[in-house]
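Before any comments, here is the structure.
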Amino acid sequence: MSVHSIVSAVTEKIVERSKSSRSRYLARMEVAVSQQPKRKALGCANIAHGFAACGPHDKNQLRNGAGPNLGIVTSFNDMLSAHQPFEHYPDIIRRAAREAGGTAQVAGGVPAMCDGVTQGETGMELSLFSRDVIALSTAIALSHQMFDAAVYLGVCDKIVPGLIIGALSFGHLPAVFIPAGPMTSGMPNEEKGKIRQLYAEGKVDRAALLEAEAQSYHGPGTCTFYGTANSNQMLMEIMGLHLPGTTFVNPGTELRDEITKASALQALSITALGNNYTPIGKIYDEKAVVNGVVGLLATGGSTNHTLHLIAMAAAAGIILTWKDLAELSKVVPLMTRIYPNGKADVNHFNAAGGMGLLIRELLKQGLVHKDVTTIMGIGLDGYLVEPKLNPGGGLDWKEAAAVSRDDTVLRGCEKPFQETGGLNVLEGPLGHAVIKTSSIPADRHIVEAPARVFHSQEELHVAFKLGELHKDVVVVVRFQGPKANGMPELHRMTPPLAVLQDKGFRVGLVTDGRMSGASGKVPAAIHVTPEAANGGAIAKIRDGDIIRIDADAGRLEVMVDETEFFARKPATTNLSKNGQGTGRELFAAFRNLAGRADQGASIFEEV
């Protein structure tokens with residue numbers, strides 16, 4: 001089927017506005033390409049340092065051989081469940097490389113912090129900036145120029161976007177992303193959510209809450225709800241940077257190990273030393289970016305990607321805007337119900353048909369581009385398969401499901417859960433904002449109520465406990481943007497707001513902060529841009545102002561006379577408290593450099 005007219009038109013607009021920056025990027029990548037390993041041109045002392053710690057076989061290969069050398073960039077740490085499985089991946093990759101006549105080395109590690117651990121704590125103020133630190137760390141790892149391709153071991157919130165940005169700075173190198181997979185299903189997410197609400201109401205104690213959380217997050221692998229981590233993994237597959245069908249295979253299985261081996265072999269097969277040269281700078285083009293956006297919308301994915309997709313695209317010279325997302329959202333249906341917009345988790349999604357069925361349905365409706373470059377040397381229609389172990393222990397590729405095995409979790413485009421995508425962009429006198437609609441009840445898409453203004457989520461919790469919010473209210477939490485305090489996630493606000501909504505009150509949230517991929521059922525206008533700390537109109541809202549959030553019409557209004565509203569002096573707050581402790585003093589330069597949310601909230605300038 002031909003590409004949908006709106007998808008085609010949006011893609012063309014991106015191509016046109018990116019023409020200059022994309023051309024500069026591709027020209028820079030072309031200069032970096034070499035048909036011989038870069039390490040061969042290094043001085044003798046340089047390359048001797050590069051293989052000094054290798055065993056005899058690898059040392060000889062790097063010194064005298066002509067085979068490719070694979071760089072491994074890893075986010076392994078054994079504190080975080082999603083990254084713990086990566087501990088043994090380098091050994092698997094090294095063995096695979098040797099069998100193929102090449103070598104592999106861990107080029108470097110990148111930090112991997114967990115928003116789940118830092119949620120509501122001061123460490124969360126480093127979270128968004130960790131993405132750009134990861135990009136910088138990736139560049140440092142690859143700067144030794146010892147490598148002909150790279151594999152990237154990363155999963156969670158800022159790690160994959162940071163790895164992509166770093167990989168695109170070395171866009172002349174082939175890049176394969178290798179997932180770890182989700183942990184097996186634990187306590188159902190809906191049950192966990194209920195216990196969180198009961199705790200917020202004071203009806204269960206901390207021990208009960210901790211037990212529920214421990215039953216949910218119980219082993220190695222990605223958290224199973226559909227937040228930023230699993231949205232990342234979906235993106236890597238639909239953009240052609242994972243092997244087909246490999247995204248949601250559980251860790252610690254023979255199949256997962258074979259996928260890791262096959263991923264390494266694929267990276268080695270597409271270097272500039274052979275005939276199938278496929279650099280990431282070629283794969284990551286305008287069509288791949290649009291496919292990623294469509295996948296995010298169709299699955300009701302993480303709101304964090306309204307920042308990350310823009311920053312990632314910019315690293316390849318591609319200018320993506322919130323308006324592009326809004327236009328695509330009007331024609332891309334919501335095809336999944338995965339917590340927080342449903343009861344299922346990603347294991348249920350995978351069992352229902354997973355990525356193969358999702359891509360098949362999107363292709364059938366012309367909502368994604370088929371004619372893209374992928375790491376497999378095939379178009380997106382080659383991703384309608386899934387891996388299985390054959391009797392010899394290797395991989396076979398079987399056709400993915402043609403119809404959903406559970407239409408309460410995954411549906412085709414002809415009978416979606418809702419006709420439009422899971423994200424929308426709001427406009428109005430307060431600027432621009434993002435709202436996730438996939439998990440909001442239809443009768444809550446429009447909220448109009450008096451404002452109650454806070455400058456921290458802690459202030460909100462105090463007011464909630466005092467009973468001051470038990471009424472129709474639009475909570476405004478400002479000075480939470482990237483320049484103010486690093487734009488932490490404000491997910492701790494979800495339980496009290498959900499309690500108020502469940503009591504029958506009309507409740508909404510307006511903030512220049514983030515609410516994460518686990519944004520809940522309360523309508524939340526997030527990422528308000530410009531932010532309060534950068535002169536945004538959100539700083540002029542006062543208690544009692546009537547705020548209107550209209551997710552369907554894409555409007556964010558303050559129902560105050562326009563002349564009066566803009567004549568107000570903006571509120572101020574003491575931001576110095578955000579500059580000390582938990583390492584925050586080291587990130588003052590990041591806060592100063594941070595761009596607007598609608599431009600990716602990045603510290604990097606255009607390529």
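Note on naming: chains are A, B, ... as they come in the structure tokens, residues start from 1 per chain, ligands start from 1 in the order shown.
Excluding segment 84-96 of chain A itself and same-chain residues fewer than 4 positions from it, the residues having an atom within 6 Å of it are A:Phe76, A:Asn77, A:Asp78, A:Ala104, A:Lys261, A:Ala264, counting only C-alpha atoms.
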Just the residues within 10 Å of Ala553 of chain A, please, counting only C-alpha atoms, with nothing from its chain fewer than 6 positions along; format it as a PyMOL selection string. chain A and resi 424-427+445-446
Neighbour list for segment 7-15 of chain A as a PyMOL selection string, cut-off 12 Å, only C-alpha atoms, skip fewer than 3 positions in-chain: chain A and resi 2-4+18-23+285-294+310+313-314+317-332+362-363+365-370
Store the residues of this selection in a file with C-alpha atoms, as a CSV table (one decimal), in the first residue's frame.
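Just written: result_18.csv:
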```csv
chain,number,residue,atom,x,y,z
A,2,SER,CA,1.2,3.5,-0.7
A,3,VAL,CA,2.2,5.7,2.1
A,4,HIS,CA,-0.6,7.7,3.8
A,18,SER,CA,16.3,19.8,7.2
A,19,LYS,CA,17.9,20.1,3.8
A,20,SER,CA,20.8,22.3,4.8
A,21,SER,CA,21.6,20.7,8.2
A,22,ARG,CA,21.2,17.1,6.9
A,23,SER,CA,23.5,17.8,4.0
A,285,ASP,CA,17.1,9.4,8.1
A,286,GLU,CA,13.9,11.3,7.8
A,287,LYS,CA,11.8,8.3,7.0
A,288,ALA,CA,13.2,6.3,10.0
A,289,VAL,CA,12.4,9.3,12.3
A,290,VAL,CA,8.8,9.4,11.0
A,291,ASN,CA,8.5,5.6,11.5
A,292,GLY,CA,9.7,6.1,15.1
A,293,VAL,CA,7.1,8.8,15.8
A,294,VAL,CA,4.3,6.7,14.3
A,310,ILE,CA,13.7,15.8,18.6
A,313,ALA,CA,16.9,13.6,15.1
A,314,ALA,CA,18.9,16.8,15.5
A,317,GLY,CA,20.9,16.9,11.0
A,318,ILE,CA,17.1,16.3,11.0
A,319,ILE,CA,14.7,19.0,12.3
A,320,LEU,CA,11.7,17.4,13.9
A,321,THR,CA,9.0,19.6,15.6
A,322,TRP,CA,6.1,19.1,18.0
A,323,LYS,CA,3.8,20.2,15.1
A,324,ASP,CA,5.0,17.1,13.2
A,325,LEU,CA,4.0,14.9,16.1
A,326,ALA,CA,0.6,16.6,16.3
A,327,GLU,CA,-0.1,16.2,12.6
A,328,LEU,CA,0.8,12.5,12.7
A,329,SER,CA,-1.2,11.9,15.8
A,330,LYS,CA,-4.4,12.9,13.9
A,331,VAL,CA,-4.0,9.9,11.5
A,332,VAL,CA,-2.2,7.3,13.6
A,362,LEU,CA,1.1,-0.1,10.2
A,363,LEU,CA,2.5,-1.1,6.8
A,365,GLN,CA,-2.4,1.1,6.3
A,366,GLY,CA,0.5,3.0,4.8
A,367,LEU,CA,1.3,4.6,8.1
A,368,VAL,CA,5.0,3.8,8.1
A,369,HIS,CA,7.7,3.9,5.3
A,370,LYS,CA,8.6,0.5,4.0
```
If you count only C-alpha atoms, which residues fall within 10 Å of Arg444 of chain A, apart from same-chain ones fewer than 4 positions away, as JSON, numbers by chain? {"A": [437, 440, 448, 501, 506, 507, 508, 521, 522, 523, 549, 550, 551]}
What does the file look like for those residues with C-alpha atoms, as an mmCIF file, in the first residue's frame?
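The resulting file, result.cif, is shown below:
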```cif
data_model
loop_
_atom_site.group_PDB
_atom_site.id
_atom_site.type_symbol
_atom_site.label_atom_id
_atom_site.label_comp_id
_atom_site.auth_asym_id
_atom_site.auth_seq_id
_atom_site.Cartn_x
_atom_site.Cartn_y
_atom_site.Cartn_z
ATOM 1 C CA THR A 437 -4.293 10.992 25.992
ATOM 2 C CA ILE A 440 -7.102 9.419 30.073
ATOM 3 C CA GLU A 448 -11.781 23.570 33.155
ATOM 4 C CA GLN A 501 -10.183 12.444 40.220
ATOM 5 C CA ARG A 506 -12.474 17.664 37.743
ATOM 6 C CA VAL A 507 -8.686 17.561 38.011
ATOM 7 C CA GLY A 508 -5.862 18.589 35.695
ATOM 8 C CA LYS A 521 -5.004 8.836 33.962
ATOM 9 C CA VAL A 522 -5.164 12.508 35.017
ATOM 10 C CA PRO A 523 -5.037 15.016 32.110
ATOM 11 C CA ILE A 549 -7.108 21.945 29.120
ATOM 12 C CA ASP A 550 -8.684 20.665 25.893
ATOM 13 C CA ALA A 551 -6.823 17.575 24.699
#
```
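Our summary of the geometry notes that atom CA of Pro450 of chain A is positioned 28.8 Å from atom CA of Glu125 of chain A.
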Would you give me, as CSV, each residue of segment 366-386 of chain A having an atom within 10 Å of an atom of segment 161-176 of chain A, along with its shortest atom pair and that distance in Å to one decimal, using only C-alpha atoms and sorting by chain and residue number?
```
residue,atom,partner,partner_atom,distance
A:Thr374,CA,A:Val176,CA,9.7
A:Ile375,CA,A:Val176,CA,6.9
A:Met376,CA,A:Val176,CA,9.8
```
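Distance-wise, atom CA of Lys343 of chain A and atom CA of Gly193 of chain A end up 10.4 Å apart.
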Of the candidates A:Ile435, A:Val33, A:Ile6, A:Ile603, which shows the shortest atom-to-atom distance to Thr278 of chain A, using only C-alpha atoms? A:Val33
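Around Gly486 of chain A, within 7 Å and counting only C-alpha atoms, the residues found are Glu125, Leu126, Leu128, Phe129, Gly481, Pro482, Lys483, Ala484, Pro488 and Arg591 of chain A, once anything fewer than 2 positions away on its own chain is removed.
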Selection export as a PDB file, in the first residue's frame, atoms kept: N, CA and C atoms:
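Listing of result_12.pdb after writing:
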```pdb
ATOM      1  N   GLU A 125      17.027  15.401  39.447  1.00  0.00           N
ATOM      2  CA  GLU A 125      17.358  16.629  38.730  1.00  0.00           C
ATOM      3  C   GLU A 125      18.565  16.459  37.808  1.00  0.00           C
ATOM      4  N   LEU A 126      19.225  15.298  37.886  1.00  0.00           N
ATOM      5  CA  LEU A 126      20.309  14.971  36.960  1.00  0.00           C
ATOM      6  C   LEU A 126      19.830  14.082  35.816  1.00  0.00           C
ATOM      7  N   LEU A 128      17.501  14.052  33.217  1.00  0.00           N
ATOM      8  CA  LEU A 128      17.444  14.461  31.812  1.00  0.00           C
ATOM      9  C   LEU A 128      18.837  14.770  31.280  1.00  0.00           C
ATOM     10  N   PHE A 129      19.659  15.420  32.095  1.00  0.00           N
ATOM     11  CA  PHE A 129      21.015  15.754  31.650  1.00  0.00           C
ATOM     12  C   PHE A 129      21.884  14.520  31.465  1.00  0.00           C
ATOM     13  N   GLY A 481      11.390  23.208  34.713  1.00  0.00           N
ATOM     14  CA  GLY A 481      11.946  22.999  33.382  1.00  0.00           C
ATOM     15  C   GLY A 481      13.440  22.761  33.401  1.00  0.00           C
ATOM     16  N   PRO A 482      14.028  22.530  32.228  1.00  0.00           N
ATOM     17  CA  PRO A 482      15.456  22.196  32.180  1.00  0.00           C
ATOM     18  C   PRO A 482      16.367  23.281  32.740  1.00  0.00           C
ATOM     19  N   LYS A 483      16.036  24.549  32.514  1.00  0.00           N
ATOM     20  CA  LYS A 483      16.897  25.617  33.033  1.00  0.00           C
ATOM     21  C   LYS A 483      16.707  25.832  34.528  1.00  0.00           C
ATOM     22  N   ALA A 484      15.521  25.520  35.029  1.00  0.00           N
ATOM     23  CA  ALA A 484      15.243  25.736  36.447  1.00  0.00           C
ATOM     24  C   ALA A 484      15.943  24.712  37.323  1.00  0.00           C
ATOM     25  N   PRO A 488      13.079  17.493  36.239  1.00  0.00           N
ATOM     26  CA  PRO A 488      12.866  16.148  36.806  1.00  0.00           C
ATOM     27  C   PRO A 488      11.465  15.633  36.482  1.00  0.00           C
ATOM     28  N   ARG A 591      22.463  23.368  33.081  1.00  0.00           N
ATOM     29  CA  ARG A 591      21.246  24.156  33.270  1.00  0.00           C
ATOM     30  C   ARG A 591      21.308  25.450  32.465  1.00  0.00           C
TER      31      ARG A 591
END
```
Write out as a PyMOL selection string all residues of segment 120-200 of chain A that backbone DSSP assigns to alpha helix (DSSP H). chain A and resi 127-142+159-169+189-200
Counting only C-alpha atoms, what is within 7 Å of Glu557 of chain A, bar same-chain residues fewer than 5 positions away, as a PyMOL selection string? chain A and resi 428-430+547-549
Using only C-alpha atoms, the residue out of A:Gly227, A:Gly281, A:Gly422, A:Pro251 with shortest distance to Leu334 of chain A is A:Gly422
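Distance check against Gly181 of chain A using only C-alpha atoms: of A:Met234, A:Leu586, A:Leu153, A:Ala82, the minimum falls on A:Ala82.
The closest residue to Ile546 of chain A, picked from A:Leu460, A:Ala571, A:Leu423, A:Ala449 and counting only C-alpha atoms, is A:Ala449.
For the atom pair formed by atom CA of Val409 of chain A and atom CA of Ile195 of chain A, the distance is 22.8 Å, given to one decimal.
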Considering only strand (DSSP E) as DSSP defines it on the backbone, what residues of segment 10-148 of chain A qualify? List them as a list in words. Asn69, Leu70, Gly71, Ile72, Val73, Thr74, Thr103, Ala104, Gln105, Val106, Ala107, Gly108 and Gly109 of chain A
Excluding same-chain residues fewer than 4 positions from Val476 of chain A, what lies within 7 Å of it counting only C-alpha atoms, as a ChimeraX atom specification? /A:451-454,509-511
Can you write just those residues out, C-alpha atoms, as a PDB file, in the first residue's frame?
```pdb
ATOM      1  CA  ALA A 451      -5.710  26.996  39.316  1.00  0.00           C
ATOM      2  CA  ARG A 452      -3.722  26.151  42.422  1.00  0.00           C
ATOM      3  CA  VAL A 453      -0.081  27.103  41.952  1.00  0.00           C
ATOM      4  CA  PHE A 454       2.958  25.341  43.434  1.00  0.00           C
ATOM      5  CA  LEU A 509      -2.168  19.384  35.813  1.00  0.00           C
ATOM      6  CA  VAL A 510      -0.135  22.074  34.057  1.00  0.00           C
ATOM      7  CA  THR A 511       3.653  22.004  34.432  1.00  0.00           C
TER       8      THR A 511
END
```
Nearest to Val249 of chain A: which of A:Asn304, A:Thr184, A:Thr138, A:Ser5 is it, counting only C-alpha atoms? A:Thr184
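If you measure from each of A:His144, A:Lys158, A:Lys388, A:Lys59 to Pro111 of chain A using only C-alpha atoms, the closest one turns out to be A:Lys158.
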